[in-house]
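Engineer: This is protein-v2.cif, which holds mmCIF, C-alpha atoms:
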data_my_file
loop_
_atom_site.group_PDB
_atom_site.id
_atom_site.type_symbol
_atom_site.label_atom_id
_atom_site.label_comp_id
_atom_site.auth_asym_id
_atom_site.auth_seq_id
_atom_site.Cartn_x
_atom_site.Cartn_y
_atom_site.Cartn_z
ATOM 1 C CA MET A 1 -20.397 -72.887 -77.921
ATOM 2 C CA LEU A 2 -20.306 -73.387 -74.247
ATOM 3 C CA ARG A 3 -17.297 -75.593 -74.678
ATOM 4 C CA LYS A 4 -15.568 -72.887 -76.666
ATOM 5 C CA LYS A 5 -16.266 -70.306 -73.968
ATOM 6 C CA THR A 6 -15.084 -72.718 -71.273
ATOM 7 C CA ALA A 7 -11.925 -73.401 -73.241
ATOM 8 C CA VAL A 8 -11.254 -69.657 -73.649
ATOM 9 C CA VAL A 9 -11.803 -69.029 -69.929
ATOM 10 C CA ALA A 10 -9.659 -72.038 -68.999
ATOM 11 C CA THR A 11 -6.895 -70.856 -71.309
ATOM 12 C CA GLY A 12 -7.072 -67.326 -69.852
ATOM 13 C CA LEU A 13 -6.966 -68.719 -66.345
ATOM 14 C CA ALA A 14 -3.954 -70.899 -67.197
ATOM 15 C CA LEU A 15 -2.112 -67.915 -68.686
ATOM 16 C CA ALA A 16 -2.886 -65.793 -65.611
ATOM 17 C CA LEU A 17 -1.565 -68.494 -63.286
ATOM 18 C CA ALA A 18 1.587 -68.954 -65.377
ATOM 19 C CA THR A 19 2.237 -65.198 -65.335
ATOM 20 C CA ALA A 20 1.698 -65.105 -61.569
ATOM 21 C CA ALA A 21 4.117 -67.986 -61.099
ATOM 22 C CA ILE A 22 6.733 -66.170 -63.166
ATOM 23 C CA ALA A 23 6.184 -62.942 -61.181
ATOM 24 C CA PHE A 24 6.780 -64.743 -57.891
ATOM 25 C CA ALA A 25 9.810 -66.704 -59.061
ATOM 26 C CA TYR A 26 13.235 -65.617 -57.702
ATOM 27 C CA TRP A 27 16.748 -66.847 -57.321
ATOM 28 C CA THR A 28 18.536 -67.141 -54.010
ATOM 29 C CA ASN A 29 22.139 -66.090 -53.698
ATOM 30 C CA SER A 30 24.706 -65.052 -51.150
ATOM 31 C CA GLY A 31 27.193 -62.218 -51.264
ATOM 32 C CA SER A 32 29.623 -60.075 -49.345
ATOM 33 C CA GLY A 33 30.773 -56.485 -49.226
ATOM 34 C CA THR A 34 32.831 -54.001 -47.273
ATOM 35 C CA GLY A 35 32.281 -50.619 -45.643
ATOM 36 C CA SER A 36 34.149 -48.226 -43.413
ATOM 37 C CA ALA A 37 33.790 -45.690 -40.642
ATOM 38 C CA ALA A 38 36.282 -43.006 -39.689
ATOM 39 C CA THR A 39 37.069 -41.020 -36.594
ATOM 40 C CA GLY A 40 37.493 -37.278 -36.589
ATOM 41 C CA SER A 41 40.329 -35.265 -35.168
ATOM 42 C CA ASP A 42 40.550 -32.273 -32.896
ATOM 43 C CA VAL A 43 42.413 -29.016 -32.735
ATOM 44 C CA ALA A 44 44.338 -27.629 -29.790
ATOM 45 C CA ILE A 45 42.505 -25.911 -26.972
ATOM 46 C CA THR A 46 43.582 -22.593 -25.458
ATOM 47 C CA VAL A 47 44.518 -22.365 -21.791
ATOM 48 C CA ASN A 48 43.338 -19.031 -20.385
ATOM 49 C CA GLN A 49 44.509 -17.328 -17.194
ATOM 50 C CA THR A 50 41.566 -15.628 -15.498
ATOM 51 C CA SER A 51 43.237 -14.612 -12.226
ATOM 52 C CA SER A 52 45.267 -11.393 -12.041
ATOM 53 C CA PRO A 53 47.819 -11.664 -9.230
ATOM 54 C CA ALA A 54 49.252 -8.302 -8.245
ATOM 55 C CA GLY A 55 51.283 -6.857 -5.413
ATOM 56 C CA LEU A 56 54.052 -9.442 -5.428
ATOM 57 C CA TYR A 57 57.144 -8.338 -3.508
ATOM 58 C CA PRO A 58 60.523 -9.942 -2.761
ATOM 59 C CA GLY A 59 60.054 -12.809 -0.318
ATOM 60 C CA GLY A 60 56.286 -12.211 -0.106
ATOM 61 C CA PRO A 61 53.573 -14.827 -0.288
ATOM 62 C CA ALA A 62 52.823 -16.724 -3.483
ATOM 63 C CA ALA A 63 49.778 -15.863 -5.550
ATOM 64 C CA THR A 64 47.580 -18.580 -7.022
ATOM 65 C CA LEU A 65 47.069 -18.722 -10.777
ATOM 66 C CA SER A 66 43.791 -20.018 -12.181
ATOM 67 C CA GLY A 67 41.866 -20.033 -15.395
ATOM 68 C CA ASN A 68 39.661 -21.831 -17.863
ATOM 69 C CA PHE A 69 39.842 -23.211 -21.401
ATOM 70 C CA THR A 70 38.618 -22.326 -24.856
ATOM 71 C CA ASN A 71 37.718 -25.520 -26.705
ATOM 72 C CA PRO A 72 37.109 -24.820 -30.433
ATOM 73 C CA ASN A 73 36.152 -28.439 -31.131
ATOM 74 C CA SER A 74 32.588 -29.665 -31.604
ATOM 75 C CA SER A 75 33.073 -32.313 -28.927
ATOM 76 C CA LYS A 76 34.468 -32.517 -25.413
ATOM 77 C CA VAL A 77 38.221 -32.859 -24.881
ATOM 78 C CA PHE A 78 39.959 -34.356 -21.866
ATOM 79 C CA VAL A 79 42.579 -32.250 -20.059
ATOM 80 C CA HIS A 80 44.953 -34.018 -17.704
ATOM 81 C CA GLN A 81 47.237 -31.165 -16.602
ATOM 82 C CA VAL A 82 48.065 -27.506 -17.109
ATOM 83 C CA THR A 83 51.720 -26.534 -17.002
ATOM 84 C CA ALA A 84 52.991 -22.958 -16.609
ATOM 85 C CA SER A 85 56.296 -21.590 -17.928
ATOM 86 C CA LEU A 86 57.878 -18.225 -17.195
ATOM 87 C CA VAL A 87 58.489 -16.431 -20.492
ATOM 88 C CA SER A 88 59.705 -12.883 -19.912
ATOM 89 C CA VAL A 89 59.462 -9.829 -17.687
ATOM 90 C CA ASP A 90 58.634 -6.256 -18.622
ATOM 91 C CA GLY A 91 60.204 -4.281 -15.808
ATOM 92 C CA GLY A 92 62.099 -1.212 -14.760
ATOM 93 C CA SER A 93 64.758 0.331 -16.912
ATOM 94 C CA ASP A 94 67.295 1.632 -14.376
ATOM 95 C CA ALA A 95 70.526 0.706 -16.169
ATOM 96 C CA GLY A 96 72.494 0.987 -12.930
ATOM 97 C CA LYS A 97 70.554 -1.877 -11.348
ATOM 98 C CA PRO A 98 70.098 -5.534 -12.319
ATOM 99 C CA ALA A 99 67.300 -6.212 -14.781
ATOM 100 C CA CYS A 100 64.208 -7.964 -13.497
ATOM 101 C CA ALA A 101 64.180 -11.409 -15.110
ATOM 102 C CA THR A 102 62.228 -14.653 -14.964
ATOM 103 C CA GLY A 103 64.905 -15.920 -12.543
ATOM 104 C CA ASP A 104 63.547 -13.456 -9.969
ATOM 105 C CA PHE A 105 60.282 -15.437 -9.904
ATOM 106 C CA ALA A 106 59.390 -19.007 -9.004
ATOM 107 C CA LEU A 107 56.482 -21.278 -9.813
ATOM 108 C CA SER A 108 55.249 -23.960 -7.435
ATOM 109 C CA ALA A 109 52.523 -26.623 -7.536
ATOM 110 C CA ASN A 110 53.294 -26.819 -11.243
ATOM 111 C CA PRO A 111 51.745 -28.567 -13.166
ATOM 112 C CA ALA A 112 48.163 -28.349 -11.925
ATOM 113 C CA THR A 113 46.109 -31.514 -12.294
ATOM 114 C CA VAL A 114 42.736 -31.041 -13.997
ATOM 115 C CA ASP A 115 41.623 -34.563 -15.049
ATOM 116 C CA ALA A 116 38.328 -33.373 -16.532
ATOM 117 C CA GLU A 117 36.491 -33.131 -19.827
ATOM 118 C CA VAL A 118 36.082 -29.641 -21.237
ATOM 119 C CA ASP A 119 32.906 -28.899 -23.199
ATOM 120 C CA PRO A 120 33.040 -27.019 -26.516
ATOM 121 C CA GLY A 121 33.299 -23.256 -26.061
ATOM 122 C CA THR A 122 34.864 -21.446 -23.114
ATOM 123 C CA GLY A 123 34.602 -23.180 -19.784
ATOM 124 C CA GLY A 124 36.095 -25.738 -17.487
ATOM 125 C CA ALA A 125 38.552 -24.658 -14.829
ATOM 126 C CA TRP A 126 42.084 -25.098 -13.604
ATOM 127 C CA SER A 127 43.784 -23.732 -10.502
ATOM 128 C CA GLY A 128 46.594 -24.287 -8.066
ATOM 129 C CA ILE A 129 49.818 -23.182 -9.744
ATOM 130 C CA GLN A 130 51.477 -20.507 -7.631
ATOM 131 C CA VAL A 131 53.893 -17.713 -8.524
ATOM 132 C CA ARG A 132 56.045 -15.625 -6.210
ATOM 133 C CA LEU A 133 58.797 -13.028 -6.402
ATOM 134 C CA LEU A 134 61.952 -14.421 -4.849
ATOM 135 C CA ASP A 135 64.034 -12.476 -2.347
ATOM 136 C CA THR A 136 67.486 -12.552 -3.943
ATOM 137 C CA SER A 137 70.707 -11.033 -2.698
ATOM 138 C CA ALA A 138 70.691 -8.566 -5.628
ATOM 139 C CA ASN A 139 68.940 -5.236 -5.909
ATOM 140 C CA GLN A 140 65.434 -5.931 -7.291
ATOM 141 C CA ASP A 141 64.264 -2.348 -7.819
ATOM 142 C CA ASN A 142 63.733 -3.073 -11.532
ATOM 143 C CA CYS A 143 61.083 -5.621 -10.491
ATOM 144 C CA LYS A 144 58.883 -2.841 -9.095
ATOM 145 C CA ASP A 145 55.726 -2.615 -11.219
ATOM 146 C CA ALA A 146 57.063 -5.395 -13.435
ATOM 147 C CA VAL A 147 54.803 -7.591 -15.530
ATOM 148 C CA LEU A 148 55.661 -11.294 -15.652
ATOM 149 C CA HIS A 149 54.584 -13.108 -18.839
ATOM 150 C CA ILE A 150 53.554 -16.732 -18.380
ATOM 151 C CA SER A 151 52.733 -19.332 -21.021
ATOM 152 C CA TYR A 152 50.537 -22.365 -20.476
ATOM 153 C CA SER A 153 50.268 -25.781 -22.039
ATOM 154 C CA SER A 154 47.916 -28.655 -21.421
ATOM 155 C CA ASN A 155 47.942 -32.370 -21.999
#
Before we go any further, please render this structure as structure tokens.
Structural biologist:
Amino acid sequence: MLRKKTAVVATGLALALATAAIAFAYWTNSGSGTGSAATGSDVAITVNQTSSPAGLYPGGPAATLSGNFTNPNSSKVFVHQVTASLVSVDGGSDAGKPACATGDFALSANPATVDAEVDPGTGGAWSGIQVRLLDTSANQDNCKDAVLHISYSSN
């Protein structure tokens, strides 16, 4: 009877070891695969003028323009330069005198170099472009109390 019990235990032990060996068995292999990563993009920033030059007169001193940026992106953007362009003039309406036009004004130190990163939101700074009212040989009475419209671009 002892032999029978020993045989049963030995058989159970052999089955347990065989099952354990099967559980720890594995196959080795190699493989390959692919993946990707993508960059985002950005949207244009807005160049703001924060200075308000006033009191320009024919042949008078230039006024300095300055401002900041509105960056709607979620990351910083790099701005190299700000360039100003004269767009239009809202001026006097005396039909007997020459109209006040963008040609009555001049920009200097244009473009302004920034060479800086601008954080998301409104911030950063630019400065240095100057505007003046030229002294022409024509009557410039229609430039009294005129408003010069300027557009800005950055790169």
Engineer: Using only C-alpha atoms, give me every residue within 6 Å of (40.5, -25.7, -20.0) in file coordinates, as a compact mmCIF listing (two decimals) with C-alpha atoms, in the frame of the given file.
Structural biologist:
# COMPACT_ATOMS: atom_id res chain seq x y z
CA VAL A 47 44.52 -22.36 -21.79
CA ASN A 68 39.66 -21.83 -17.86
CA PHE A 69 39.84 -23.21 -21.40
CA GLY A 124 36.10 -25.74 -17.49
CA ALA A 125 38.55 -24.66 -14.83
Engineer: Spell out the residues picked by the PyMOL selection byres ((chain A and resi 108) around 7) here, as a count of residues only.
Structural biologist: 7
Engineer: Can you tell me how far atom CA of A:Gly121 sits from atom CA of A:Val43, in Å to one decimal?
Structural biologist: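 That distance, rounded to one decimal, is 12.7 Å.
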Engineer: Figure out the distance between atom CA of A:Ala101 and atom CA of A:Val114, please, to one decimal in Å.
Structural biologist: 29.1 Å
Engineer: Using all atoms listed in the file, what does the table of stretch 52-75 of chain A residues within 12 Å of stretch 138-150 of chain A look like, with each row giving the shortest atom pair and its distance in Å to one decimal, sorted by chain and ascending number, as JSON lines?
Structural biologist:
{"residue": "A:Ser52", "atom": "CA", "partner": "A:Val147", "partner_atom": "CA", "distance": 10.8}
{"residue": "A:Pro53", "atom": "CA", "partner": "A:Leu148", "partner_atom": "CA", "distance": 10.1}
{"residue": "A:Ala54", "atom": "CA", "partner": "A:Asp145", "partner_atom": "CA", "distance": 9.1}
{"residue": "A:Gly55", "atom": "CA", "partner": "A:Asp145", "partner_atom": "CA", "distance": 8.5}
{"residue": "A:Leu56", "atom": "CA", "partner": "A:Lys144", "partner_atom": "CA", "distance": 9.0}
{"residue": "A:Tyr57", "atom": "CA", "partner": "A:Lys144", "partner_atom": "CA", "distance": 8.0}
{"residue": "A:Pro58", "atom": "CA", "partner": "A:Gln140", "partner_atom": "CA", "distance": 7.8}
{"residue": "A:Gly59", "atom": "CA", "partner": "A:Gln140", "partner_atom": "CA", "distance": 11.2}
{"residue": "A:Leu65", "atom": "CA", "partner": "A:Ile150", "partner_atom": "CA", "distance": 10.2}
Engineer: Identify all residues satisfying the PyMOL selection byres ((chain A and resi 42) around 10) in the given file; provide them as a PyMOL selection string.
Structural biologist: chain A and resi 40-41+43-45+71-77
Engineer: Taking the file as shown, find all residues satisfying the PyMOL selection byres ((chain A and resi 83) around 6) and write them as a PyMOL selection string.
Structural biologist: chain A and resi 82+84+110-111+152-153
Engineer: What is the distance, in Å and to one decimal place, between atom CA of A:Ser88 and atom CA of A:Leu134?
Structural biologist: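 It comes out at 15.3 Å.
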Engineer: Kindly list the centre and edge lengths in Å, rounded to one decimal, for the axis-aligned box that covers all listed atoms of stretch 131-140 of chain A plus 4 Å on each of its six sides, as AutoDock Vina command-line options.
Structural biologist:
--center_x 62.3 --center_y -11.5 --center_z -5.4 --size_x 24.8 --size_y 20.5 --size_z 14.2
Engineer: Would you list the residues near (58.8, -15.3, -11.8), meaning any protein, DNA or RNA residue with an atom at most 6 Å from that point in file coordinates, counting all atoms listed in the file, as a list in words?
Structural biologist: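 The residues that fall inside the cut-off are Thr102, Asp104, Phe105, Ala106 and Leu133 of chain A.
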Engineer: Of the candidates A:Thr39, A:Asn29, A:Thr70, A:Ser154, which shows the shortest atom-to-atom distance to A:Asp119, using all atoms listed in the file?
Structural biologist: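 The closest residue to A:Asp119 is A:Thr70.
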